[in-house]
Structures are given as structure tokens and as C-alpha cells.
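Right, one structure below, let's go through it.
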Amino acid sequence: MHNLYQELLDADDGSYARIEQQIVTQWDKSGSPAMDLLLRRGQDALRDGQVDAAVEHFTALVDHAPHFAGGYFGRATSYYLLGMTGPALDDVQRVLQIEPRHFQAIDGLAVIMEELNRPEDALELYQMILAINPQSVVTKDSIVRLQLQLEGQAL
């Protein structure tokens with residue numbers, strides 16, 4: 001996994017998305033077929049718009065595999081979609097304790113900071129993502145957008 005993060009740092013515009021996906025694939029591996037099945041069921045429920053069912057699958061997953069970031073990340077996403085910002089933030093924090101370089105969780109936290117009207121905090125989080133994934137176009141766009149917003153506020 002460490003090699004993938006190094007590859008991501010060294011990636012160019014053409015290769016970063018593939019390496020990003022390889023990292024996400026690694027994040028989704030719990031080491032247990034039963035836990036991987038719970039993760040897939042939660043992800044499928046989310047994709048199908050069954051957010052309450054997704055919360056149940058991800059909660060079962062974190063109960064059985066408390067050291068697996070994927071369960072907390074899925075549940076944080078589900079809670080966010082249900083408008084439950086506090087529980088979503090708690091689960092994002094847990095994800096980042098387990099996997100500090102989880103750029104998707106950092107991105108989710110940045111989105112929440114923007115919604116809470118904390119653009120400086122969001123900007124700092126997006127910059128953290130670039131330190132892990134310097135080619136991320138979405139992150140670069142978010143940084144430019146926030147910098148323009150903050151410059152506009154300063155006028």
C-alpha cells in the first residue's frame with residue numbers, strides 16, 4: 001500500500017486516476033470475505049438509494065470489524081446523505097484515525113466544512129489531499145474555487 005501512495009505522489013495527469021483507483025480497491029479489502037460482503041451490501045444499498053439499509057450494513061460491519069476504515073467511511077457517507085452531520089463527522093474522524101491518508105474521507109470532511117461555512121478549514125483539507133494526491137483535478141478545482149471565494153470576501 002505504501003508503494004501505491006508513493007506512486008500517487010510521482011504520478012502524472014495520465015496515471016494518477018488509475019493509481020487512485022488501486023488505492024480505493026485496497027481500502028475496500030478488509031481481509032475477511034464476510035466483512036467484504038457486508039461492505040459490498042452497504043455500497044450496493046447506497047448506490048440503489050437505500051440509505052437506511054446502507055447504514056444497517058455499515059453498522060454491522062463496524063461492529064464486527066472495528067479496525068476496518070471502509071465500514072466507517074461507508075457509514076459516514078450514509079449519515080451525511082441522511083443529513084446527520086454529527087455522526088458523519090464522528091465516523092470520518094474514525095476513518096482518519098485508521099487511515100490518515102484516506103483522501104476520500106478528507107474530501108468528505110472538506111465538503112462538510114464548506115457547508116458549515118468554514119471555507120478556510122475546507123481549503124486546508126483540500127491542500128492536505130494535494131499533499132497525498134498532487135494530480136487530483138477535482139481537488140485543484142476546489143482549491144481555486146475556494147481561494148477565489150475567500151479573496152472575494154476579503155474585498
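Please note that chains go A, B, ... in the order of the C-alpha cells, that every chain numbers its residues from 1, and that ligands are numbered from 1 in the order shown.
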
task: Would you kindly return, as number ranges by chain, each protein, DNA or RNA residue with an atom no farther than 9 Å from any atom of Gln43 in chain A, considering only C-alpha atoms and excluding same-chain residues fewer than 5 positions away?
output: A: 38, 48, 54, 57-58, 74

Might you pull out every residue within 12 Å of Gln26 in chain A, with only C-alpha atoms counted and same-chain residues fewer than 5 positions away left off, and present them as a short mmCIF file (atom, residue, chain, number, x, y, z; two decimals) with all heavy atoms, in the first residue's frame?
data_model
loop_
_atom_site.label_atom_id
_atom_site.label_comp_id
_atom_site.auth_asym_id
_atom_site.auth_seq_id
_atom_site.Cartn_x
_atom_site.Cartn_y
_atom_site.Cartn_z
N MET A 1 0.83 -1.19 0.00
CA MET A 1 0.00 0.00 0.00
C MET A 1 0.87 1.25 0.00
O MET A 1 0.58 2.20 -0.71
CB MET A 1 -0.91 -0.06 1.23
CG MET A 1 -1.96 1.00 1.25
SD MET A 1 -3.24 0.73 0.03
CE MET A 1 -4.53 1.68 0.74
N HIS A 2 1.95 1.21 0.81
CA HIS A 2 2.84 2.37 0.87
C HIS A 2 3.39 2.71 -0.52
O HIS A 2 3.50 3.88 -0.88
CB HIS A 2 4.00 2.09 1.85
CG HIS A 2 5.01 3.19 1.90
ND1 HIS A 2 4.73 4.40 2.51
CD2 HIS A 2 6.25 3.30 1.39
CE1 HIS A 2 5.78 5.20 2.38
NE2 HIS A 2 6.71 4.55 1.71
N ASN A 3 3.70 1.67 -1.32
CA ASN A 3 4.21 1.90 -2.67
C ASN A 3 3.19 2.63 -3.54
O ASN A 3 3.56 3.47 -4.36
CB ASN A 3 4.60 0.58 -3.34
CG ASN A 3 5.84 -0.03 -2.70
OD1 ASN A 3 6.56 0.63 -1.97
ND2 ASN A 3 6.06 -1.31 -2.96
N LEU A 4 1.90 2.31 -3.36
CA LEU A 4 0.86 2.98 -4.14
C LEU A 4 0.80 4.47 -3.81
O LEU A 4 0.63 5.29 -4.70
CB LEU A 4 -0.51 2.33 -3.91
CG LEU A 4 -0.72 0.97 -4.57
CD1 LEU A 4 -2.06 0.37 -4.13
CD2 LEU A 4 -0.67 1.09 -6.09
N TYR A 5 0.94 4.81 -2.54
CA TYR A 5 0.93 6.22 -2.17
C TYR A 5 2.14 6.94 -2.77
O TYR A 5 2.03 8.09 -3.21
CB TYR A 5 0.91 6.40 -0.65
CG TYR A 5 -0.44 6.13 -0.05
CD1 TYR A 5 -0.66 5.00 0.73
CD2 TYR A 5 -1.51 7.00 -0.24
CE1 TYR A 5 -1.90 4.76 1.29
CE2 TYR A 5 -2.76 6.76 0.31
CZ TYR A 5 -2.94 5.63 1.08
OH TYR A 5 -4.18 5.39 1.64
N ILE A 19 -3.98 4.92 -10.33
CA ILE A 19 -3.36 4.64 -9.03
C ILE A 19 -4.34 4.95 -7.90
O ILE A 19 -4.45 4.19 -6.93
CB ILE A 19 -2.05 5.43 -8.88
CG1 ILE A 19 -1.06 5.02 -9.97
CG2 ILE A 19 -1.45 5.22 -7.50
CD1 ILE A 19 0.10 5.99 -10.16
N GLU A 20 -5.07 6.05 -8.06
CA GLU A 20 -6.11 6.41 -7.10
C GLU A 20 -7.08 5.24 -6.93
O GLU A 20 -7.43 4.85 -5.81
CB GLU A 20 -6.88 7.60 -7.68
CG GLU A 20 -7.27 8.67 -6.74
CD GLU A 20 -7.97 9.81 -7.49
OE1 GLU A 20 -8.92 9.56 -8.28
OE2 GLU A 20 -7.57 10.96 -7.29
N GLN A 21 -7.53 4.67 -8.05
CA GLN A 21 -8.48 3.56 -8.02
C GLN A 21 -7.86 2.32 -7.37
O GLN A 21 -8.55 1.60 -6.64
CB GLN A 21 -8.99 3.24 -9.42
CG GLN A 21 -10.12 2.23 -9.43
CD GLN A 21 -11.27 2.61 -8.51
OE1 GLN A 21 -11.81 3.71 -8.56
NE2 GLN A 21 -11.65 1.70 -7.61
N GLY A 31 -9.82 -8.09 4.55
CA GLY A 31 -9.10 -9.30 4.92
C GLY A 31 -10.04 -10.44 5.31
O GLY A 31 -9.61 -11.53 5.62
N ASP A 36 -16.06 -8.22 3.75
CA ASP A 36 -16.11 -7.64 2.40
C ASP A 36 -17.53 -7.71 1.83
O ASP A 36 -17.97 -6.79 1.14
CB ASP A 36 -15.13 -8.37 1.47
CG ASP A 36 -13.67 -8.08 1.81
OD1 ASP A 36 -13.40 -7.19 2.63
OD2 ASP A 36 -12.80 -8.77 1.23
N PHE A 68 -11.47 -1.57 10.61
CA PHE A 68 -11.55 -1.50 9.15
C PHE A 68 -12.20 -0.17 8.76
O PHE A 68 -13.37 0.07 9.02
CB PHE A 68 -12.36 -2.70 8.62
CG PHE A 68 -12.58 -2.69 7.14
CD1 PHE A 68 -11.53 -2.52 6.25
CD2 PHE A 68 -13.86 -2.86 6.62
CE1 PHE A 68 -11.75 -2.51 4.88
CE2 PHE A 68 -14.08 -2.86 5.26
CZ PHE A 68 -13.02 -2.68 4.39
N ALA A 69 -11.41 0.69 8.14
CA ALA A 69 -11.87 2.05 7.81
C ALA A 69 -13.04 2.05 6.85
O ALA A 69 -13.88 2.96 6.90
CB ALA A 69 -10.70 2.86 7.23
N GLY A 70 -13.13 1.06 5.97
CA GLY A 70 -14.18 1.03 4.96
C GLY A 70 -15.59 1.08 5.53
O GLY A 70 -16.48 1.72 4.97
N GLU A 99 -6.80 5.29 8.85
CA GLU A 99 -6.07 5.52 7.60
C GLU A 99 -5.96 7.02 7.36
O GLU A 99 -6.81 7.62 6.70
CB GLU A 99 -6.78 4.82 6.43
CG GLU A 99 -6.15 5.07 5.07
CD GLU A 99 -4.65 4.86 5.05
OE1 GLU A 99 -4.20 3.70 5.07
OE2 GLU A 99 -3.90 5.87 5.03
N HIS A 102 -6.57 8.70 3.86
CA HIS A 102 -7.83 8.38 3.16
C HIS A 102 -8.36 9.67 2.52
O HIS A 102 -9.16 10.40 3.10
CB HIS A 102 -8.83 7.80 4.15
CG HIS A 102 -9.95 7.03 3.51
ND1 HIS A 102 -10.85 7.62 2.65
CD2 HIS A 102 -10.30 5.72 3.61
CE1 HIS A 102 -11.72 6.70 2.25
NE2 HIS A 102 -11.41 5.55 2.81
#

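From CA of Thr85 in chain A back to CA of Ile129 in chain A, the distance works out to 21.0 Å.
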
- request: Grab the CA of Ile143 in chain A to CA of Leu123 in chain A distance for me, in Å with one decimal place.
  value: 6.0 Å

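Candidate residues A:Pro100, A:Gly42, A:Pro119, A:Gly71 were compared for distance to Ile132 in chain A, and the nearest is A:Pro100, using only C-alpha atoms.
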
Selection: 9 Å around Asp12 in chain A, only C-alpha atoms, excl. self and same-chain fewer than 4 positions, as a PDB file with N, CA and C atoms, in the first residue's frame:
ATOM      1  N   LEU A   8       1.422   7.499  -6.329  1.00  0.00           N
ATOM      2  CA  LEU A   8       0.472   8.592  -6.475  1.00  0.00           C
ATOM      3  C   LEU A   8       1.189   9.935  -6.415  1.00  0.00           C
ATOM      4  N   TYR A  16      -2.541   9.190 -12.606  1.00  0.00           N
ATOM      5  CA  TYR A  16      -2.971   9.317 -11.209  1.00  0.00           C
ATOM      6  C   TYR A  16      -4.325   8.665 -10.944  1.00  0.00           C
ATOM      7  N   PRO A 134      -1.198  14.803  -5.530  1.00  0.00           N
ATOM      8  CA  PRO A 134      -0.951  16.118  -6.138  1.00  0.00           C
ATOM      9  C   PRO A 134      -1.584  16.348  -7.508  1.00  0.00           C
ATOM     10  N   GLN A 135      -2.033  15.299  -8.191  1.00  0.00           N
ATOM     11  CA  GLN A 135      -2.606  15.483  -9.523  1.00  0.00           C
ATOM     12  C   GLN A 135      -4.132  15.557  -9.525  1.00  0.00           C
TER      13      GLN A 135
END

task: Among the residues of chain A, find those DSSP assigns to alpha helix (DSSP H) from the backbone and print them as an MDAnalysis selection string.
output: chainID A and resid 2:10 16:27 33:47 51:64 69:81 85:98 103:115 119:132 137:154

Take the residues from that selection and write them out as a short mmCIF file (atom, residue, chain, number, x, y, z; two decimals), in the first residue's frame, keeping C-alpha atoms.
data_model
loop_
_atom_site.label_atom_id
_atom_site.label_comp_id
_atom_site.auth_asym_id
_atom_site.auth_seq_id
_atom_site.Cartn_x
_atom_site.Cartn_y
_atom_site.Cartn_z
CA HIS A 2 2.84 2.37 0.87
CA ASN A 3 4.21 1.90 -2.67
CA LEU A 4 0.86 2.98 -4.14
CA TYR A 5 0.93 6.22 -2.17
CA GLN A 6 4.47 6.85 -3.42
CA GLU A 7 3.33 6.13 -6.99
CA LEU A 8 0.47 8.59 -6.48
CA LEU A 9 2.95 11.29 -5.42
CA ASP A 10 5.02 10.61 -8.56
CA TYR A 16 -2.97 9.32 -11.21
CA ALA A 17 -6.61 8.19 -11.67
CA ARG A 18 -5.56 4.56 -12.15
CA ILE A 19 -3.36 4.64 -9.03
CA GLU A 20 -6.11 6.41 -7.10
CA GLN A 21 -8.48 3.56 -8.02
CA GLN A 22 -5.92 0.94 -6.97
CA ILE A 23 -5.71 2.59 -3.53
CA VAL A 24 -9.50 2.69 -3.20
CA THR A 25 -9.61 -1.01 -4.12
CA GLN A 26 -7.09 -1.74 -1.35
CA TRP A 27 -9.16 0.28 1.13
CA PRO A 33 -14.75 -12.42 2.93
CA ALA A 34 -17.71 -11.97 5.31
CA MET A 35 -16.74 -8.37 6.09
CA ASP A 36 -16.11 -7.64 2.40
CA LEU A 37 -19.64 -8.92 1.70
CA LEU A 38 -21.10 -6.54 4.30
CA LEU A 39 -19.14 -3.69 2.71
CA ARG A 40 -20.46 -4.57 -0.76
CA ARG A 41 -24.03 -4.83 0.54
CA GLY A 42 -23.72 -1.39 2.11
CA GLN A 43 -22.20 0.08 -1.05
CA ASP A 44 -24.91 -1.53 -3.18
CA ALA A 45 -27.65 -0.17 -0.90
CA LEU A 46 -26.11 3.32 -1.15
CA ARG A 47 -25.92 3.07 -4.92
CA VAL A 51 -29.57 4.80 2.61
CA ASP A 52 -31.21 3.41 5.77
CA ALA A 53 -30.33 -0.14 4.70
CA ALA A 54 -26.78 1.03 3.94
CA VAL A 55 -26.44 2.39 7.50
CA GLU A 56 -27.52 -1.01 8.85
CA HIS A 57 -24.96 -2.90 6.74
CA PHE A 58 -22.14 -0.48 7.60
CA THR A 59 -23.06 -0.52 11.29
CA ALA A 60 -22.90 -4.32 11.29
CA LEU A 61 -19.54 -4.04 9.57
CA VAL A 62 -18.04 -1.61 12.11
CA ASP A 63 -19.42 -3.74 14.94
CA HIS A 64 -17.65 -6.84 13.58
CA ALA A 69 -11.87 2.05 7.81
CA GLY A 70 -14.18 1.03 4.96
CA GLY A 71 -17.12 0.43 7.28
CA TYR A 72 -16.80 3.83 8.92
CA PHE A 73 -16.35 5.57 5.57
CA GLY A 74 -19.49 3.95 4.15
CA ARG A 75 -21.49 4.77 7.24
CA ALA A 76 -20.19 8.36 7.27
CA THR A 77 -21.35 8.75 3.67
CA SER A 78 -24.73 7.27 4.57
CA TYR A 79 -25.15 9.51 7.61
CA TYR A 80 -24.22 12.54 5.52
CA LEU A 81 -26.86 11.66 2.93
CA THR A 85 -23.72 15.67 10.08
CA GLY A 86 -22.58 14.94 13.66
CA PRO A 87 -22.49 11.15 13.28
CA ALA A 88 -20.94 11.55 9.81
CA LEU A 89 -18.14 13.68 11.29
CA ASP A 90 -17.57 11.12 14.06
CA ASP A 91 -17.19 8.32 11.50
CA VAL A 92 -14.90 10.40 9.26
CA GLN A 93 -12.71 11.04 12.29
CA ARG A 94 -12.55 7.28 12.91
CA VAL A 95 -11.63 6.63 9.26
CA LEU A 96 -8.75 9.11 9.51
CA GLN A 97 -7.52 7.55 12.76
CA ILE A 98 -7.30 4.20 10.98
CA PHE A 103 -8.22 11.22 0.66
CA GLN A 104 -11.91 10.42 0.06
CA ALA A 105 -12.65 10.89 3.77
CA ILE A 106 -10.64 14.12 3.83
CA ASP A 107 -12.64 15.30 0.82
CA GLY A 108 -15.90 14.46 2.59
CA LEU A 109 -14.75 16.44 5.60
CA ALA A 110 -13.87 19.39 3.35
CA VAL A 111 -17.35 19.32 1.79
CA ILE A 112 -18.91 19.37 5.26
CA MET A 113 -16.66 22.29 6.29
CA GLU A 114 -17.84 24.22 3.22
CA GLU A 115 -21.46 23.52 4.13
CA PRO A 119 -14.08 27.79 3.82
CA GLU A 120 -10.63 28.29 5.41
CA ASP A 121 -10.87 24.85 7.06
CA ALA A 122 -12.11 23.31 3.81
CA LEU A 123 -9.21 24.89 1.91
CA GLU A 124 -6.72 23.45 4.40
CA LEU A 125 -8.27 20.00 3.98
CA TYR A 126 -8.14 20.20 0.18
CA GLN A 127 -4.47 21.16 0.47
CA MET A 128 -3.93 18.07 2.64
CA ILE A 129 -5.38 15.98 -0.18
CA LEU A 130 -2.95 17.53 -2.67
CA ALA A 131 -0.07 16.56 -0.38
CA ILE A 132 -1.22 12.93 -0.82
CA VAL A 137 -8.05 17.68 -10.75
CA VAL A 138 -11.20 17.83 -8.61
CA THR A 139 -9.16 18.90 -5.59
CA LYS A 140 -7.24 21.51 -7.57
CA ASP A 141 -10.55 22.92 -8.87
CA SER A 142 -11.95 23.06 -5.32
CA ILE A 143 -8.86 24.93 -4.11
CA VAL A 144 -9.11 27.52 -6.89
CA ARG A 145 -12.85 27.96 -6.25
CA LEU A 146 -12.33 28.46 -2.50
CA GLN A 147 -9.37 30.80 -2.97
CA LEU A 148 -11.49 32.98 -5.27
CA GLN A 149 -14.36 32.87 -2.75
CA LEU A 150 -12.04 33.89 0.10
CA GLU A 151 -10.45 36.67 -1.98
CA GLY A 152 -13.95 37.96 -2.75
CA GLN A 153 -14.79 38.01 0.95
CA ALA A 154 -11.62 39.97 1.70
#

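The coordinates place CA of Pro66 in chain A at 13.8 Å from CA of Lys29 in chain A.
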